[in-house]
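Visitor: This structure is in structure tokens; I'll ask about it shortly.
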Amino acid sequence: MSDNKSKEALPIVITNPWERLRAFTDARIGLGRAGISLPTHQLLAFQLAHAQAQDAVHCSLECDTLANELSAALSLNQTPIAAHSQAVDRATYLQRPDYGRRLNDASRETLQQAAESGQRFDLAVVIVDGLSALAVQQNSVPFLTALYRAFENDQREWQLAPLTIVEQGRVAIGDEIGALLNADALLVMIGERPGLSSPDSLGLYMTWAPEVGLKDDRRNCISNVRPAGLKPEEAARRLLLLLNEARQRKLSGVQLKDRSEDSVLEGTSGGSTQNFLVAD
Amino acid sequence: MAQTYHTTVGSRRYRFNGLAELMAKATPPRSGDRLAGVIAQSAEERVVAQMVLAELPLCTFLNEALIPYEQDEITRLIIDEHDVDAFAPLKHLTVGDFRNWLLSDHATSDVLAAARPGITPEMAAAVSKLMRNQDLMLVAKKCHVTTAFRNTIGLPGRLSTRLQPNHPTDDVTGIAASILDGLLYGSGDAVIGINPATDNVAQSIKLMRLMDDVIQKYEIPTQSCVLTHVTNTLEAIEQGAPVDLVFQSIGGTEATNRSFGFDLSTLAEAEAAAQTLNRGTVGRNVMYFETGQGSSLSADAHHGLDQQTCEARAYAVARKFNPLLVNTVVGFIGPEYLYDGKEITRAGLEDHFCGKLLGVPMGCDVCYTNHAEADQNDMDNLLTLLGVAGCSFVMGIPGSDDIMLNYQTTSFHDALYARRVLGLKAAPEFEQWLAKMQIFQDVASYQLNDQLPAAFANSLRHLPKEAARDV
């Protein structure tokens, strides 16, 4: 599109010369325009991402498949326990977070039976569908494989309670399960609220001395565990650090927050800290 | 003791225990009120509550506090600062009369502005519950609220945008890329405002400098803001950081705000501190507040009130501190408070109306999360309705996708759509700058420049040489 061409000869879709900045960010910049509107291919790319995120919210967890995969990958000697919250379906789950935080009666009985021996455990791991069953389905096996390996290499021994898989659950449902299973510490692995570019993000919540009614200030969170985000090995490494510190100090949550809080993030664009807009 | 309200419809007798219950049951349906257990039990009960509410004298709200005066500093703020003289023309009205009065030809822009100090948030909330969406738009459009810092926000026929260049790791190049994209699509006259990925003082100062450098270099008549906690911004001011606007999320009850870690005295201190910097050129409004229905319930601090009444009370907090911008982040909180596009739309129009009626420079983050029953079409509808209603500003983000906060809001393209279809302009100072910088070929006909403007072409030559980020 040279300057001396008439207006009529200009292309219908105007591309943005700064499109190449997309190499430095996932933000949807430089999309171009038809008039002032999104070009068709960008419109459809957005719709696809939104469709995937919505599907991630509404797809149900395939519990049996996941249980079988975990049993095989982790050489479990006991099939994971299947549990369900008080939210009967997704529509209820989305509108009643309080129901998603508590087990239904049948699940509570199952867990009580599982804990009949009264044995104490160092850690209970609870897998919860949350807002993305997709995240749980895809990331549980790689993450737990890395975590179990980290446990094997740790100097302390870790007695693990039976694995539990929960449908229609929120983070706090783990507190009830951890308490029923007589666990000193609790790890909840839960599907996070899907982002447009990240429908598959797994969140990890660690709590010392779980019991019903705990607030968020007692939990430590590691977020964005997924292939394009935090890798399973790194997530497992960070979690084990937190677990060991919780075990040593017998607490979790804000009091355990790491000291990197006051650091300045330097970003990821090749270590660049220079603002190109004001470079000269 | 709270009064009980009775009425009979056909053979059925309805009873409402107190003003809070009456207000809640008169509220158009939404999931947050259902979650709180305050919602009407049937469609008929809702309309009956609206009918009873319509008969209620407006001055009831001055005599019966929804949250006791002794327990809540926002109730005290509302009651202590109520202007009896401004209320005089309204004092004989019922809530139902008030709706008629607002819609009448007597209520001109000047009359409405004069009445503001006499109107309490509860009166605004109550009347909004009787109003249809078109009423909310028609009255809001008559309420002109103008504020200024380096440009003028809220003039009739104008629609401003917050440029929101968020990045999941606060990466400098990533943020600068989104700022460039936004400016070249004509966005950013309300504010260039970043939600930091890491919320601490050092990080905030880094981002404040980044934006200040850009604003200075290109001489942009706009302001910047880092949306960090008010106490962090106070510390940044002490450390000499270039603070234009002070941000805080606010709610409509003292307990909500305490759960956010501040009270009214903190906001007063922050406004005073920002004023001492004297960084505005055409005005001295230095605060940026965000609100949203459901925040009080979420903090378990709603005192049994419906979420829309709590929200309106937040505007009493806002107007006390002369903000440049107040933003209701309407769809961000999730479907347990506003379930779908219909509920989000209604809430957005209510918030905008109540804010404008109370004299607050109201904008709206027209948005949704992926677990809400909403999509881009719902956002197009609400954006258009708010543009019709004279909304002061909306968000602008690349391609509607906030890659840091994981939600969808209006894009740079969306704002241009609203401006074109409704004939709305950017803030006048910013509009001149867009023409001067040749970002638009023709500002009057909303024609963007097809070529890269010279000042920015030069900047692109300074891109980092590294091929791309390490994913």
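Going by the structure tokens order, chains are called A, B, ..., each with residues numbered from 1, while ligands are numbered from 1 in the order shown.
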Tell me, as JSON, numbers by chain, which residues lie within 12 Å of Thr409 (chain B), counting only C-alpha atoms; anything in the same chain fewer than 5 positions away does not count.
Guide: {"A": [196], "B": [161, 162, 163, 164, 329, 330, 331, 332, 364, 365, 366, 367, 368, 369, 370, 374, 375, 376, 377, 378, 379, 380, 382, 383, 394, 395, 396, 397, 398, 399, 400, 401, 402, 403, 414, 415]}
Visitor: Produce a file of the selected residues containing N, CA and C atoms, as a compact mmCIF listing (two decimals), in the first residue's frame.
Guide:
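Output (selection.txt):
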# COMPACT_ATOMS: atom_id res chain seq x y z
N LEU A 196 -8.83 -16.85 28.89
CA LEU A 196 -9.05 -17.02 27.46
C LEU A 196 -7.88 -17.76 26.80
N THR B 161 -11.69 6.35 27.70
CA THR B 161 -11.30 4.96 27.93
C THR B 161 -10.09 4.88 28.85
N ARG B 162 -10.11 3.88 29.71
CA ARG B 162 -8.90 3.54 30.47
C ARG B 162 -8.11 2.56 29.64
N LEU B 163 -6.86 2.90 29.34
CA LEU B 163 -5.96 1.96 28.66
C LEU B 163 -5.40 1.05 29.75
N GLN B 164 -5.60 -0.25 29.60
CA GLN B 164 -5.29 -1.23 30.66
C GLN B 164 -4.25 -2.23 30.16
N VAL B 329 -16.80 -2.48 38.25
CA VAL B 329 -16.23 -3.61 37.51
C VAL B 329 -17.30 -4.70 37.50
N VAL B 330 -18.26 -4.55 36.62
CA VAL B 330 -19.57 -5.16 36.84
C VAL B 330 -19.59 -6.67 36.71
N GLY B 331 -18.84 -7.24 35.79
CA GLY B 331 -18.96 -8.69 35.59
C GLY B 331 -17.78 -9.48 36.10
N PHE B 332 -16.91 -8.83 36.83
CA PHE B 332 -15.64 -9.48 37.20
C PHE B 332 -15.82 -10.51 38.31
N CYS B 364 -17.57 2.27 33.55
CA CYS B 364 -17.93 0.86 33.77
C CYS B 364 -16.95 -0.05 33.06
N ASP B 365 -16.45 -1.03 33.81
CA ASP B 365 -15.70 -2.12 33.22
C ASP B 365 -16.74 -3.13 32.74
N VAL B 366 -17.09 -3.02 31.47
CA VAL B 366 -18.08 -3.90 30.84
C VAL B 366 -17.38 -5.24 30.63
N CYS B 367 -17.67 -6.20 31.48
CA CYS B 367 -16.81 -7.39 31.47
C CYS B 367 -17.52 -8.65 31.92
N TYR B 368 -16.85 -9.78 31.71
CA TYR B 368 -17.37 -11.08 32.16
C TYR B 368 -16.21 -12.04 32.32
N THR B 369 -16.48 -13.07 33.11
CA THR B 369 -15.50 -14.14 33.28
C THR B 369 -15.98 -15.34 32.48
N ASN B 370 -15.09 -16.30 32.32
CA ASN B 370 -15.45 -17.45 31.48
C ASN B 370 -16.40 -18.41 32.17
N ALA B 374 -22.19 -15.49 29.79
CA ALA B 374 -22.15 -14.23 29.06
C ALA B 374 -21.13 -14.36 27.94
N ASP B 375 -21.25 -13.50 26.94
CA ASP B 375 -20.30 -13.54 25.84
C ASP B 375 -20.13 -12.14 25.25
N GLN B 376 -19.42 -12.08 24.14
CA GLN B 376 -19.11 -10.79 23.52
C GLN B 376 -20.38 -10.03 23.12
N ASN B 377 -21.43 -10.75 22.73
CA ASN B 377 -22.66 -10.07 22.35
C ASN B 377 -23.28 -9.34 23.54
N ASP B 378 -23.22 -9.97 24.72
CA ASP B 378 -23.74 -9.30 25.92
C ASP B 378 -22.95 -8.03 26.20
N MET B 379 -21.64 -8.10 25.96
CA MET B 379 -20.80 -6.93 26.20
C MET B 379 -21.10 -5.83 25.18
N ASP B 380 -21.31 -6.22 23.92
CA ASP B 380 -21.69 -5.23 22.90
C ASP B 380 -22.96 -4.51 23.33
N LEU B 382 -24.31 -4.12 26.43
CA LEU B 382 -24.13 -3.24 27.59
C LEU B 382 -23.30 -2.01 27.23
N LEU B 383 -22.25 -2.22 26.44
CA LEU B 383 -21.43 -1.08 26.01
C LEU B 383 -22.29 -0.05 25.28
N VAL B 394 -15.06 3.70 29.64
CA VAL B 394 -15.03 2.23 29.68
C VAL B 394 -13.57 1.81 29.60
N MET B 395 -13.32 0.49 29.70
CA MET B 395 -11.95 0.00 29.62
C MET B 395 -11.54 -0.17 28.15
N GLY B 396 -10.23 -0.22 27.95
CA GLY B 396 -9.71 -0.56 26.64
C GLY B 396 -8.54 -1.51 26.84
N ILE B 397 -8.64 -2.68 26.23
CA ILE B 397 -7.58 -3.68 26.41
C ILE B 397 -7.38 -4.38 25.07
N PRO B 398 -6.15 -4.82 24.76
CA PRO B 398 -5.93 -5.44 23.45
C PRO B 398 -6.84 -6.65 23.25
N GLY B 399 -7.65 -6.61 22.23
CA GLY B 399 -8.46 -7.75 21.84
C GLY B 399 -9.38 -8.28 22.92
N SER B 400 -9.77 -7.44 23.89
CA SER B 400 -10.72 -7.82 24.96
C SER B 400 -10.16 -8.80 25.99
N ASP B 401 -8.94 -9.22 25.85
CA ASP B 401 -8.40 -10.35 26.63
C ASP B 401 -7.40 -9.82 27.66
N ASP B 402 -7.78 -9.80 28.94
CA ASP B 402 -6.82 -9.42 29.97
C ASP B 402 -6.02 -10.66 30.36
N ILE B 403 -4.78 -10.72 29.91
CA ILE B 403 -3.97 -11.93 30.09
C ILE B 403 -3.41 -12.02 31.50
N ASP B 414 -13.59 -1.99 20.43
CA ASP B 414 -14.96 -1.82 20.94
C ASP B 414 -15.25 -0.34 21.23
N ALA B 415 -14.28 0.34 21.83
CA ALA B 415 -14.50 1.76 22.17
C ALA B 415 -14.70 2.58 20.90
Visitor: Please report as a tab-separated table every residue of chain B lying within 7 Å of chain A, along with the nearest atom pair and their distance in Å (one decimal), using only C-alpha atoms.
Guide:
residue	atom	partner	partner_atom	distance
B:Ser31	CA	A:Gln95	CA	6.4
B:Leu35	CA	A:Arg96	CA	6.4
B:Thr169	CA	A:Gly267	CA	5.2
B:Asp170	CA	A:Gly267	CA	5.9
B:Asp171	CA	A:Gly267	CA	3.9
B:Val172	CA	A:Thr273	CA	5.8
B:Thr173	CA	A:Asn275	CA	6.0
B:Gly174	CA	A:Thr25	CA	4.9
B:Ala176	CA	A:Asn275	CA	6.4
B:Ala177	CA	A:Leu21	CA	6.2
B:Ser178	CA	A:Ile29	CA	6.4
B:Asp181	CA	A:Ile29	CA	6.0
B:Asn200	CA	A:Asp262	CA	6.1
B:Ala202	CA	A:Val264	CA	6.2
B:Gln203	CA	A:Val264	CA	5.0
B:Asp213	CA	A:Val278	CA	6.7
B:Val214	CA	A:Val278	CA	6.3
B:Lys217	CA	A:Val278	CA	6.7
B:Pro335	CA	A:Gln95	CA	6.0
B:Glu336	CA	A:Gln95	CA	4.1
B:Asn370	CA	A:Gln54	CA	5.8
B:His371	CA	A:Val57	CA	6.1
B:Pro398	CA	A:Arg28	CA	5.0
B:Gly399	CA	A:Arg28	CA	5.0
B:Asp401	CA	A:Leu196	CA	6.8
B:Ile403	CA	A:Ala27	CA	6.2
B:Asn406	CA	A:Gly195	CA	4.4
B:Tyr407	CA	A:Gly195	CA	6.4
B:His413	CA	A:Ser37	CA	5.7
B:Leu416	CA	A:Ile36	CA	6.4
B:Tyr417	CA	A:Ile36	CA	6.7
B:Asp450	CA	A:Ile14	CA	6.8
B:Leu452	CA	A:Pro17	CA	6.8
B:Ser459	CA	A:Leu277	CA	5.2
B:His462	CA	A:Phe276	CA	5.3
B:Leu463	CA	A:Phe276	CA	5.5
B:Glu466	CA	A:Gly270	CA	6.2
B:Ala468	CA	A:Ala23	CA	5.1
B:Arg469	CA	A:Ser269	CA	4.3
B:Asp470	CA	A:Thr268	CA	6.6
Visitor: Give me a file of those residues, with N, CA and C atoms, as a CSV table (one decimal), in the first residue's frame.
Guide:
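Everything below was put into again-v7.csv:
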chain,number,residue,atom,x,y,z
B,31,SER,N,-28.1,-13.5,41.2
B,31,SER,CA,-27.7,-14.7,42.0
B,31,SER,C,-27.1,-14.3,43.3
B,35,LEU,N,-27.9,-16.0,46.8
B,35,LEU,CA,-26.8,-16.6,47.7
B,35,LEU,C,-26.9,-16.0,49.1
B,169,THR,N,3.5,-10.9,34.1
B,169,THR,CA,4.7,-10.7,34.9
B,169,THR,C,5.2,-9.3,34.9
B,170,ASP,N,4.3,-8.3,34.6
B,170,ASP,CA,4.7,-6.9,34.6
B,170,ASP,C,5.9,-6.6,33.7
B,171,ASP,N,6.0,-7.4,32.7
B,171,ASP,CA,7.2,-7.3,31.8
B,171,ASP,C,7.2,-5.9,31.1
B,172,VAL,N,8.3,-5.2,31.1
B,172,VAL,CA,8.3,-3.8,30.6
B,172,VAL,C,8.0,-3.7,29.1
B,173,THR,N,8.6,-4.6,28.3
B,173,THR,CA,8.3,-4.6,26.9
B,173,THR,C,6.9,-5.0,26.6
B,174,GLY,N,6.4,-6.0,27.3
B,174,GLY,CA,5.0,-6.4,27.1
B,174,GLY,C,4.0,-5.3,27.4
B,176,ALA,N,4.7,-2.0,27.5
B,176,ALA,CA,4.9,-0.9,26.6
B,176,ALA,C,4.3,-1.3,25.2
B,177,ALA,N,4.3,-2.5,24.8
B,177,ALA,CA,3.7,-3.0,23.6
B,177,ALA,C,2.1,-2.7,23.6
B,178,SER,N,1.5,-3.1,24.8
B,178,SER,CA,0.1,-2.9,24.9
B,178,SER,C,-0.3,-1.4,25.0
B,181,ASP,N,-0.1,-0.1,21.4
B,181,ASP,CA,-1.3,-0.6,20.7
B,181,ASP,C,-2.5,0.2,21.0
B,200,ASN,N,3.4,-4.8,45.4
B,200,ASN,CA,4.2,-4.2,46.5
B,200,ASN,C,4.7,-2.9,46.0
B,202,ALA,N,7.8,-1.5,45.7
B,202,ALA,CA,8.8,-1.3,44.7
B,202,ALA,C,8.3,-1.6,43.3
B,203,GLN,N,7.5,-2.6,43.1
B,203,GLN,CA,6.9,-3.0,41.8
B,203,GLN,C,6.1,-1.8,41.3
B,213,ASP,N,7.2,8.1,32.2
B,213,ASP,CA,8.1,8.4,31.1
B,213,ASP,C,7.4,8.5,29.7
B,214,VAL,N,6.4,7.6,29.5
B,214,VAL,CA,5.7,7.6,28.2
B,214,VAL,C,4.9,8.9,28.1
B,217,LYS,N,7.2,11.9,27.5
B,217,LYS,CA,7.9,11.9,26.2
B,217,LYS,C,7.0,12.3,25.1
B,335,PRO,N,-20.3,-15.6,38.5
B,335,PRO,CA,-21.7,-15.9,38.4
B,335,PRO,C,-22.4,-16.1,39.7
B,336,GLU,N,-21.7,-16.3,40.8
B,336,GLU,CA,-22.4,-16.4,42.1
B,336,GLU,C,-23.0,-15.1,42.6
B,370,ASN,N,-15.1,-16.3,32.3
B,370,ASN,CA,-15.5,-17.4,31.5
B,370,ASN,C,-16.4,-18.4,32.2
B,371,HIS,N,-16.6,-18.3,33.5
B,371,HIS,CA,-17.6,-19.1,34.1
B,371,HIS,C,-19.0,-18.5,34.3
B,398,PRO,N,-6.1,-4.8,24.8
B,398,PRO,CA,-5.9,-5.4,23.5
B,398,PRO,C,-6.8,-6.7,23.3
B,399,GLY,N,-7.6,-6.6,22.2
B,399,GLY,CA,-8.5,-7.7,21.8
B,399,GLY,C,-9.4,-8.3,22.9
B,401,ASP,N,-8.9,-9.2,25.8
B,401,ASP,CA,-8.4,-10.3,26.6
B,401,ASP,C,-7.4,-9.8,27.7
B,403,ILE,N,-4.8,-10.7,29.9
B,403,ILE,CA,-4.0,-11.9,30.1
B,403,ILE,C,-3.4,-12.0,31.5
B,406,ASN,N,-7.3,-12.6,33.7
B,406,ASN,CA,-8.1,-13.7,33.2
B,406,ASN,C,-9.6,-13.4,33.1
B,407,TYR,N,-9.9,-12.3,32.5
B,407,TYR,CA,-11.3,-12.0,32.2
B,407,TYR,C,-11.4,-11.2,30.9
B,413,HIS,N,-10.8,-1.7,20.0
B,413,HIS,CA,-11.8,-1.7,18.8
B,413,HIS,C,-13.2,-1.4,19.3
B,416,LEU,N,-13.9,2.3,19.9
B,416,LEU,CA,-14.1,3.0,18.6
B,416,LEU,C,-15.5,2.7,18.0
B,417,TYR,N,-15.9,1.4,18.1
B,417,TYR,CA,-17.3,1.1,17.7
B,417,TYR,C,-18.3,2.0,18.4
B,450,ASP,N,-3.9,5.1,8.4
B,450,ASP,CA,-3.5,3.8,7.9
B,450,ASP,C,-2.0,3.5,8.0
B,452,LEU,N,1.8,4.2,10.1
B,452,LEU,CA,2.3,4.4,11.5
B,452,LEU,C,2.8,5.8,11.7
B,459,SER,N,10.1,5.0,17.6
B,459,SER,CA,10.2,4.1,18.8
B,459,SER,C,10.4,2.7,18.5
B,462,HIS,N,13.7,1.0,18.4
B,462,HIS,CA,14.4,0.7,19.6
B,462,HIS,C,13.9,-0.6,20.3
B,463,LEU,N,13.2,-1.5,19.6
B,463,LEU,CA,12.8,-2.7,20.1
B,463,LEU,C,14.0,-3.6,20.6
B,466,GLU,N,16.5,-9.2,21.1
B,466,GLU,CA,16.2,-10.6,21.4
B,466,GLU,C,15.0,-11.0,20.6
B,468,ALA,N,12.6,-13.2,20.9
B,468,ALA,CA,11.2,-13.3,21.6
B,468,ALA,C,11.4,-13.8,23.0
B,469,ARG,N,10.3,-13.8,23.7
B,469,ARG,CA,10.4,-14.2,25.1
B,469,ARG,C,10.7,-15.7,25.1
B,470,ASP,N,11.2,-16.1,26.3
B,470,ASP,CA,11.5,-17.5,26.5
B,470,ASP,C,10.3,-18.2,27.1
Visitor: Using only C-alpha atoms, which protein or nucleic acid residues come within 10 Å of Arg108 (chain A)? Drop anything in the same chain fewer than 6 positions from it, and give the result as a PyMOL selection string.
Guide: chain A and resi 83-85+102+114+176-177+180
Visitor: Kindly save the residues from that selection, with C-alpha atoms included, as an mmCIF file, in the first residue's frame.
Guide:
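What ended up in out07.cif:
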data_model
loop_
_atom_site.group_PDB
_atom_site.id
_atom_site.type_symbol
_atom_site.label_atom_id
_atom_site.label_comp_id
_atom_site.auth_asym_id
_atom_site.auth_seq_id
_atom_site.Cartn_x
_atom_site.Cartn_y
_atom_site.Cartn_z
ATOM 1 C CA ALA A 83 -16.221 -37.952 46.352
ATOM 2 C CA HIS A 84 -18.830 -35.330 45.482
ATOM 3 C CA SER A 85 -19.742 -31.967 46.964
ATOM 4 C CA ARG A 102 -18.836 -29.286 51.673
ATOM 5 C CA ALA A 114 -11.556 -44.976 54.803
ATOM 6 C CA GLU A 176 -13.167 -31.368 55.401
ATOM 7 C CA ILE A 177 -11.436 -34.243 53.616
ATOM 8 C CA LEU A 180 -11.608 -36.728 58.044
#
Visitor: Quick check, in Å to one decimal: how far apart do CA of Asn257 (chain B) and CA of Gln71 (chain B) lie?
Guide: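 Between CA of Asn257 (chain B) and CA of Gln71 (chain B) the gap works out to 13.4 Å.
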Visitor: Check the smallest atom-to-atom distance from each of B:Cys354, B:Ala88, B:Met211, B:Val421 to Ile179 (chain B) using only C-alpha atoms, then report the winner.
Guide: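 Smallest separation from Ile179 (chain B) among the options: B:Met211.
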Visitor: I need the residues of region 11-220 of chain A that end up classed as strand (DSSP E or B) by DSSP on the backbone, written out as number ranges by chain.
Guide: A: 13-14, 33-34, 37, 81-85, 103, 121-128, 160, 164-167, 183-191, 195, 198, 202-208, 219-220
Visitor: Could you take the residues named above and write them with C-alpha atoms, as a PDB file, in the first residue's frame?
Guide:
ATOM      1  CA  VAL A  13      -8.179  -5.035   6.182  1.00  0.00           C
ATOM      2  CA  ILE A  14      -5.539  -2.686   7.566  1.00  0.00           C
ATOM      3  CA  ARG A  33      -8.833  -3.738  11.578  1.00  0.00           C
ATOM      4  CA  ALA A  34     -11.626  -3.656   9.026  1.00  0.00           C
ATOM      5  CA  SER A  37     -13.603  -3.434  13.727  1.00  0.00           C
ATOM      6  CA  ILE A  81     -11.527 -42.358  46.625  1.00  0.00           C
ATOM      7  CA  ALA A  82     -14.285 -40.716  44.563  1.00  0.00           C
ATOM      8  CA  ALA A  83     -16.221 -37.952  46.352  1.00  0.00           C
ATOM      9  CA  HIS A  84     -18.830 -35.330  45.482  1.00  0.00           C
ATOM     10  CA  SER A  85     -19.742 -31.967  46.964  1.00  0.00           C
ATOM     11  CA  LEU A 103     -19.053 -33.025  50.995  1.00  0.00           C
ATOM     12  CA  PHE A 121      -0.888 -39.127  57.724  1.00  0.00           C
ATOM     13  CA  ASP A 122       1.670 -36.470  56.876  1.00  0.00           C
ATOM     14  CA  LEU A 123      -0.270 -35.304  53.842  1.00  0.00           C
ATOM     15  CA  ALA A 124      -3.622 -35.776  52.131  1.00  0.00           C
ATOM     16  CA  VAL A 125      -3.739 -35.000  48.413  1.00  0.00           C
ATOM     17  CA  VAL A 126      -7.177 -33.998  47.141  1.00  0.00           C
ATOM     18  CA  ILE A 127      -7.865 -33.513  43.419  1.00  0.00           C
ATOM     19  CA  VAL A 128     -10.842 -31.206  42.754  1.00  0.00           C
ATOM     20  CA  LEU A 160       0.404 -40.148  52.259  1.00  0.00           C
ATOM     21  CA  THR A 164      -9.235 -38.366  46.818  1.00  0.00           C
ATOM     22  CA  ILE A 165     -10.911 -37.086  43.634  1.00  0.00           C
ATOM     23  CA  VAL A 166     -13.812 -34.649  44.120  1.00  0.00           C
ATOM     24  CA  GLU A 167     -16.466 -33.510  41.673  1.00  0.00           C
ATOM     25  CA  ALA A 183      -3.863 -35.584  57.800  1.00  0.00           C
ATOM     26  CA  ASP A 184      -1.389 -33.045  59.227  1.00  0.00           C
ATOM     27  CA  ALA A 185      -1.153 -31.205  55.920  1.00  0.00           C
ATOM     28  CA  LEU A 186      -3.431 -30.895  52.924  1.00  0.00           C
ATOM     29  CA  LEU A 187      -2.745 -30.346  49.246  1.00  0.00           C
ATOM     30  CA  VAL A 188      -5.694 -29.387  47.042  1.00  0.00           C
ATOM     31  CA  MET A 189      -5.097 -29.585  43.292  1.00  0.00           C
ATOM     32  CA  ILE A 190      -7.899 -27.681  41.590  1.00  0.00           C
ATOM     33  CA  GLY A 191      -8.861 -26.451  38.128  1.00  0.00           C
ATOM     34  CA  GLY A 195      -8.511 -17.628  31.132  1.00  0.00           C
ATOM     35  CA  SER A 198      -5.235 -20.591  29.572  1.00  0.00           C
ATOM     36  CA  LEU A 202      -4.099 -26.048  37.681  1.00  0.00           C
ATOM     37  CA  GLY A 203      -3.886 -24.369  41.095  1.00  0.00           C
ATOM     38  CA  LEU A 204      -2.200 -25.866  44.181  1.00  0.00           C
ATOM     39  CA  TYR A 205      -3.357 -24.947  47.689  1.00  0.00           C
ATOM     40  CA  MET A 206      -1.448 -26.128  50.751  1.00  0.00           C
ATOM     41  CA  THR A 207      -2.889 -25.987  54.264  1.00  0.00           C
ATOM     42  CA  TRP A 208      -1.401 -27.095  57.572  1.00  0.00           C
ATOM     43  CA  ARG A 219      -3.625 -21.398  52.622  1.00  0.00           C
ATOM     44  CA  ASN A 220      -0.564 -21.048  50.412  1.00  0.00           C
TER      45      ASN A 220
END
Visitor: Give me the residues near Pro227 (chain A) as a tab-separated table (two decimals) with C-alpha atoms, in the first residue's frame, where near means some atom within 9 Å (using only C-alpha atoms) and where sequence neighbours in that chain fewer than 3 positions away do not count.
Guide:
chain	number	residue	atom	x	y	z
A	139	ASN	CA	-2.11	-31.87	34.58
A	200	ASP	CA	-6.04	-25.62	31.46
A	201	SER	CA	-4.49	-23.97	34.50
A	230	LEU	CA	4.63	-23.35	35.54
A	231	LYS	CA	6.18	-26.75	34.71
A	232	PRO	CA	5.22	-29.75	36.92
Visitor: Write out as a VMD selection string all residues of region 141-309 of chain B that backbone DSSP assigns to helix (DSSP H, G or I).
Guide: chain B and resid 141 to 142 172 to 184 201 to 217 230 to 238 254 to 259 264 to 277 295 to 298 307 to 309
Visitor: Please produce a file of those selected residues containing C-alpha atoms, as a compact mmCIF listing (two decimals), in the first residue's frame.
Guide:
# COMPACT_ATOMS: atom_id res chain seq x y z
CA LYS B 141 -27.90 10.93 30.61
CA LYS B 142 -29.27 14.09 32.24
CA VAL B 172 8.33 -3.81 30.60
CA THR B 173 8.33 -4.59 26.89
CA GLY B 174 5.02 -6.42 27.14
CA ILE B 175 3.39 -3.49 28.92
CA ALA B 176 4.93 -0.92 26.56
CA ALA B 177 3.66 -2.96 23.59
CA SER B 178 0.09 -2.86 24.92
CA ILE B 179 0.37 0.88 25.67
CA LEU B 180 1.53 1.52 22.11
CA ASP B 181 -1.28 -0.60 20.69
CA GLY B 182 -3.83 1.29 22.78
CA LEU B 183 -2.56 4.76 21.97
CA LEU B 184 -2.53 3.98 18.27
CA VAL B 201 5.67 -0.74 46.68
CA ALA B 202 8.85 -1.35 44.69
CA GLN B 203 6.95 -2.95 41.83
CA SER B 204 4.38 -0.15 41.82
CA ILE B 205 7.03 2.56 41.62
CA LYS B 206 8.67 0.78 38.69
CA LEU B 207 5.35 0.80 36.82
CA MET B 208 4.56 4.43 37.76
CA ARG B 209 7.91 5.53 36.28
CA LEU B 210 7.33 3.47 33.15
CA MET B 211 4.00 5.21 32.46
CA ASP B 212 5.22 8.65 33.52
CA ASP B 213 8.12 8.38 31.05
CA VAL B 214 5.71 7.61 28.21
CA ILE B 215 3.26 10.39 29.14
CA GLN B 216 6.09 12.93 29.33
CA LYS B 217 7.90 11.90 26.19
CA VAL B 230 -3.84 2.79 48.89
CA THR B 231 -1.21 2.32 51.59
CA ASN B 232 1.32 1.24 48.94
CA THR B 233 0.61 4.39 46.93
CA LEU B 234 1.03 6.52 50.06
CA GLU B 235 4.45 4.94 50.55
CA ALA B 236 5.30 5.52 46.90
CA ILE B 237 4.44 9.21 47.28
CA GLU B 238 6.76 9.41 50.30
CA GLU B 254 -17.24 -0.05 56.95
CA ALA B 255 -16.64 -3.78 57.45
CA THR B 256 -16.10 -4.29 53.70
CA ASN B 257 -13.50 -1.56 53.62
CA ARG B 258 -11.79 -2.86 56.75
CA SER B 259 -11.52 -6.25 55.03
CA LEU B 264 -12.21 6.69 55.48
CA SER B 265 -9.28 8.38 57.24
CA THR B 266 -6.86 6.42 55.03
CA LEU B 267 -8.56 7.77 51.91
CA ALA B 268 -8.51 11.33 53.29
CA GLU B 269 -4.80 11.01 53.95
CA ALA B 270 -4.20 9.64 50.46
CA GLU B 271 -6.16 12.38 48.71
CA ALA B 272 -4.30 15.06 50.65
CA ALA B 273 -0.91 13.48 49.89
CA ALA B 274 -1.63 13.25 46.15
CA GLN B 275 -2.86 16.86 46.14
CA THR B 276 0.50 18.09 47.48
CA LEU B 277 2.21 16.75 44.33
CA SER B 295 -18.02 -7.21 47.20
CA SER B 296 -19.70 -6.74 50.59
CA LEU B 297 -21.32 -10.17 50.55
CA SER B 298 -18.03 -11.66 49.41
CA GLN B 307 -25.88 -6.19 46.91
CA GLN B 308 -27.10 -3.25 44.86
CA THR B 309 -27.87 -1.17 47.96
Visitor: What's around Asp105 (chain B) at 12 Å? Count only C-alpha atoms, leave out sequence neighbours fewer than 4 positions away in its own chain, and write the answer as a list in words.
Guide: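 My list of contacting residues is Asn100, Trp101, Ser109, Asp110, Val111, Leu112, Leu138, Val139 and Lys142 of chain B.
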Visitor: Between CA of Tyr315 (chain B) and CA of Ile250 (chain B), what is the spacing in Å?
Guide: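 Value for the CA of Ile250 (chain B)-CA of Tyr315 (chain B) distance: 8.8 Å.
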